[in-house]
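Q: Mind looking over this structure? Questions follow.
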Amino acid sequence: MTRLGRALGRWLLLVVLVIVWEIATRAAGSAFFPPPSTIVTRMHAMWFSGPPGRLFLTDQAVADILPSLGRMAGGLAGGAFAGILLGLALGLSSRAYDYLDGVLQFLRAIPPPALVTVFLVVFGFGLRMQLAFIMFSIVWPVLLNTADGARAVEPLYLDTGRAFRLSRRERVLRIVLPAALPKVFAGLRLALSLSLIVTVFSELLPGTTNGIGFQLTVAYSMFNLPAMWAGIVLLGILGYLLNELFLVAERRVLGWHHARETAGT
């Protein structure tokens, strides 16, 4: 089956599921589960009925969506940068990896929401706490995948680099990092989806005045269920779009890797 055929099949399945959802919710008549048509209408009224010059975004969209994406981008960038640096350092030092592996696995296993109180005590309410919370939550998949990728580099490649008198920095940038990139991107993809989740969670906390999570709290407190479902569906759409954009970037950066895997098969 061609790529176009697979894409059409996925969209057809999605359309069928939405139709079934529409029929089922209208038949049930429950106020807690509005039909998709009602949710889409509310989404359009809240966020996408603005002027064309502003990409149809309303003032509420600017107040809800953009702050969430900004927090997510800031926390993801900081966590990814720290994860890649620390992961390379650990991957290049077998002794450090052996000593710290247990500690890292312990910290990774702690659910981020369980540490919210700690972050509130250290950073207080506001943007600093949210960014620190997002960074801590997403750093682990990047760090551990990068370390695994760096440890898996063929020793022959490193020996060749030494034979050509490459400095340690040059060996990391020209040999270790390119070889570890497939693992790095695997960690980044996990971090991307996780960053959206923890961003919304951080916006549910007191002290937040905007964002999608804040809008969900307002809608729930006012028993505005269509608006609450509109926020949930919006998060699903954003997650899908961000994942697709990430896959496009990954295919461009790792084109050589995918070509080699295809040739190997």
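Ordering of the structure tokens sets the chain letters (A, B, ...); residue numbers start at 1 within each chain; ligands are numbered from 1 in the order shown.
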With a distance cut-off of 9 Å and only C-alpha atoms, select the neighbouring residues of Ala77 in chain A, excluding the residue or stretch itself and same-chain residues fewer than 5 positions from it, and output the selection as a PyMOL selection string.

A: chain A and resi 72+82+135

Q: Need to verify the contact set: Val172 in chain A, 9 Å, only C-alpha atoms, exclusion of same-chain residues closer than 6 positions in sequence. Can you return it as a short mmCIF file (atom, residue, chain, number, x, y, z; two decimals) with N, CA and C atoms, in the first residue's frame?

A:
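Once everything was written out, this is result-v3.cif:
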```
data_model
loop_
_atom_site.label_atom_id
_atom_site.label_comp_id
_atom_site.auth_asym_id
_atom_site.auth_seq_id
_atom_site.Cartn_x
_atom_site.Cartn_y
_atom_site.Cartn_z
N LEU A 88 25.21 12.83 26.92
CA LEU A 88 26.50 12.62 26.26
C LEU A 88 27.61 12.43 27.29
N LEU A 92 29.67 8.85 27.65
CA LEU A 92 31.11 8.79 27.35
C LEU A 92 31.93 8.34 28.55
N PRO A 178 26.48 12.32 16.05
CA PRO A 178 25.75 11.77 14.89
C PRO A 178 25.31 10.32 15.09
#
```

Q: Grab the CA of Val218 in chain A to CA of Pro35 in chain A distance for me, in Å with one decimal place.

A: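 Value for the CA of Val218 in chain A-CA of Pro35 in chain A distance: 20.7 Å.
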
Q: So the first atom is CA of Thr25 in chain A and the second is CA of Ile65 in chain A; what is the distance between them in Å, to one decimal place?

A: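 Taking CA of Thr25 in chain A and CA of Ile65 in chain A, their separation equals 27.2 Å.
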
Q: Measuring atom to atom with only C-alpha atoms, identify which of A:Val198, A:Leu156, A:Ile84, A:Leu188 is nearest to Ile134 in chain A.

A: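 Among the listed residues, the smallest separation from Ile134 in chain A belongs to A:Val198.
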
Q: What is the CA of Leu204 in chain A to CA of Trp229 in chain A distance in Å?

A: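 Computed distance, CA of Leu204 in chain A to CA of Trp229 in chain A, equals 15.4 Å.
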
Q: Looking at only C-alpha atoms, which of A:Ser195, A:Gln215, A:Asn224, A:Asn210 is the one that sits closest to Asn243 in chain A?

A: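 Between A:Ser195, A:Gln215, A:Asn224, A:Asn210, the residue approaching Asn243 in chain A most closely is A:Ser195.
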
Q: Write out as an MDAnalysis selection string which residues come within 8 Å of Ile39 in chain A when counting only C-alpha atoms, dropping same-chain ones fewer than 3 positions away.

A: chainID A and resid 34:36 42:43 226:227 229:230

Q: Could the residues in this selection be saved with all heavy atoms as a PDB file, in the first residue's frame?

A:
```
ATOM      1  N   PRO A  34     -21.249  16.123  25.167  1.00  0.00           N
ATOM      2  CA  PRO A  34     -21.834  16.788  24.007  1.00  0.00           C
ATOM      3  C   PRO A  34     -21.332  16.166  22.709  1.00  0.00           C
ATOM      4  O   PRO A  34     -20.225  15.627  22.656  1.00  0.00           O
ATOM      5  CB  PRO A  34     -21.344  18.234  24.147  1.00  0.00           C
ATOM      6  CG  PRO A  34     -20.105  18.140  24.959  1.00  0.00           C
ATOM      7  CD  PRO A  34     -20.313  16.991  25.897  1.00  0.00           C
ATOM      8  N   PRO A  35     -22.108  16.238  21.642  1.00  0.00           N
ATOM      9  CA  PRO A  35     -21.674  15.684  20.352  1.00  0.00           C
ATOM     10  C   PRO A  35     -20.533  16.493  19.757  1.00  0.00           C
ATOM     11  O   PRO A  35     -20.333  17.664  20.090  1.00  0.00           O
ATOM     12  CB  PRO A  35     -22.935  15.768  19.493  1.00  0.00           C
ATOM     13  CG  PRO A  35     -23.768  16.827  20.125  1.00  0.00           C
ATOM     14  CD  PRO A  35     -23.479  16.769  21.586  1.00  0.00           C
ATOM     15  N   PRO A  36     -19.764  15.881  18.846  1.00  0.00           N
ATOM     16  CA  PRO A  36     -18.624  16.583  18.231  1.00  0.00           C
ATOM     17  C   PRO A  36     -19.012  17.876  17.530  1.00  0.00           C
ATOM     18  O   PRO A  36     -18.228  18.834  17.536  1.00  0.00           O
ATOM     19  CB  PRO A  36     -18.069  15.562  17.241  1.00  0.00           C
ATOM     20  CG  PRO A  36     -18.521  14.245  17.746  1.00  0.00           C
ATOM     21  CD  PRO A  36     -19.827  14.479  18.420  1.00  0.00           C
ATOM     22  N   ARG A  42     -18.214  25.275  19.425  1.00  0.00           N
ATOM     23  CA  ARG A  42     -17.685  26.044  20.549  1.00  0.00           C
ATOM     24  C   ARG A  42     -16.214  26.378  20.323  1.00  0.00           C
ATOM     25  O   ARG A  42     -15.771  27.493  20.643  1.00  0.00           O
ATOM     26  CB  ARG A  42     -17.860  25.250  21.844  1.00  0.00           C
ATOM     27  CG  ARG A  42     -17.380  25.989  23.099  1.00  0.00           C
ATOM     28  CD  ARG A  42     -18.082  27.345  23.246  1.00  0.00           C
ATOM     29  NE  ARG A  42     -19.509  27.204  23.341  1.00  0.00           N
ATOM     30  CZ  ARG A  42     -20.167  27.055  24.483  1.00  0.00           C
ATOM     31  NH1 ARG A  42     -19.495  27.049  25.626  1.00  0.00           N
ATOM     32  NH2 ARG A  42     -21.471  26.945  24.493  1.00  0.00           N
ATOM     33  N   MET A  43     -15.434  25.450  19.776  1.00  0.00           N
ATOM     34  CA  MET A  43     -14.028  25.731  19.479  1.00  0.00           C
ATOM     35  C   MET A  43     -13.904  26.885  18.493  1.00  0.00           C
ATOM     36  O   MET A  43     -13.063  27.775  18.664  1.00  0.00           O
ATOM     37  CB  MET A  43     -13.348  24.485  18.898  1.00  0.00           C
ATOM     38  CG  MET A  43     -13.131  23.361  19.876  1.00  0.00           C
ATOM     39  SD  MET A  43     -12.404  21.890  19.088  1.00  0.00           S
ATOM     40  CE  MET A  43     -10.823  22.552  18.579  1.00  0.00           C
ATOM     41  N   PRO A 226     -19.352  22.066  27.175  1.00  0.00           N
ATOM     42  CA  PRO A 226     -18.864  22.186  25.793  1.00  0.00           C
ATOM     43  C   PRO A 226     -17.502  22.881  25.706  1.00  0.00           C
ATOM     44  O   PRO A 226     -16.644  22.477  24.919  1.00  0.00           O
ATOM     45  CB  PRO A 226     -19.962  23.008  25.104  1.00  0.00           C
ATOM     46  CG  PRO A 226     -21.198  22.691  25.875  1.00  0.00           C
ATOM     47  CD  PRO A 226     -20.737  22.565  27.295  1.00  0.00           C
ATOM     48  N   ALA A 227     -17.294  23.914  26.524  1.00  0.00           N
ATOM     49  CA  ALA A 227     -15.999  24.595  26.519  1.00  0.00           C
ATOM     50  C   ALA A 227     -14.909  23.687  27.072  1.00  0.00           C
ATOM     51  O   ALA A 227     -13.762  23.709  26.583  1.00  0.00           O
ATOM     52  CB  ALA A 227     -16.080  25.879  27.335  1.00  0.00           C
ATOM     53  N   TRP A 229     -14.833  20.354  26.907  1.00  0.00           N
ATOM     54  CA  TRP A 229     -14.534  19.379  25.861  1.00  0.00           C
ATOM     55  C   TRP A 229     -13.797  20.025  24.692  1.00  0.00           C
ATOM     56  O   TRP A 229     -12.956  19.377  24.044  1.00  0.00           O
ATOM     57  CB  TRP A 229     -15.825  18.719  25.381  1.00  0.00           C
ATOM     58  CG  TRP A 229     -16.257  17.585  26.255  1.00  0.00           C
ATOM     59  CD1 TRP A 229     -17.204  17.614  27.233  1.00  0.00           C
ATOM     60  CD2 TRP A 229     -15.746  16.257  26.235  1.00  0.00           C
ATOM     61  NE1 TRP A 229     -17.316  16.387  27.832  1.00  0.00           N
ATOM     62  CE2 TRP A 229     -16.432  15.535  27.240  1.00  0.00           C
ATOM     63  CE3 TRP A 229     -14.776  15.606  25.473  1.00  0.00           C
ATOM     64  CZ2 TRP A 229     -16.173  14.189  27.482  1.00  0.00           C
ATOM     65  CZ3 TRP A 229     -14.518  14.258  25.728  1.00  0.00           C
ATOM     66  CH2 TRP A 229     -15.217  13.572  26.722  1.00  0.00           C
ATOM     67  N   ALA A 230     -14.101  21.281  24.413  1.00  0.00           N
ATOM     68  CA  ALA A 230     -13.379  21.996  23.359  1.00  0.00           C
ATOM     69  C   ALA A 230     -11.892  22.078  23.688  1.00  0.00           C
ATOM     70  O   ALA A 230     -11.036  21.893  22.818  1.00  0.00           O
ATOM     71  CB  ALA A 230     -13.961  23.399  23.167  1.00  0.00           C
TER      72      ALA A 230
END
```

Q: Write out as a ChimeraX atom specification each polymer residue whose atoms come within 10 Å of Gly91 in chain A, counting only C-alpha atoms; drop sequence neighbours fewer than 5 positions from it.

A: /A:85-86,96-97,143-153,176,180

Q: Here is a test: counting only C-alpha atoms, which residue of A:Leu4, A:Val18, A:Met46, A:Leu131 is nearest to Met228 in chain A?

A: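 The closest residue to Met228 in chain A is A:Met46.
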
Q: Residues within 10 Å of Met129 in chain A, please, as a list in words. Count only C-alpha atoms; anything in the same chain fewer than 6 positions from it doesn't count.

A: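 In the requested form, the answer reads Val116, Val118, Phe119, Leu120, Val121, Val122, Phe123, Met135 and Ser202 of chain A.
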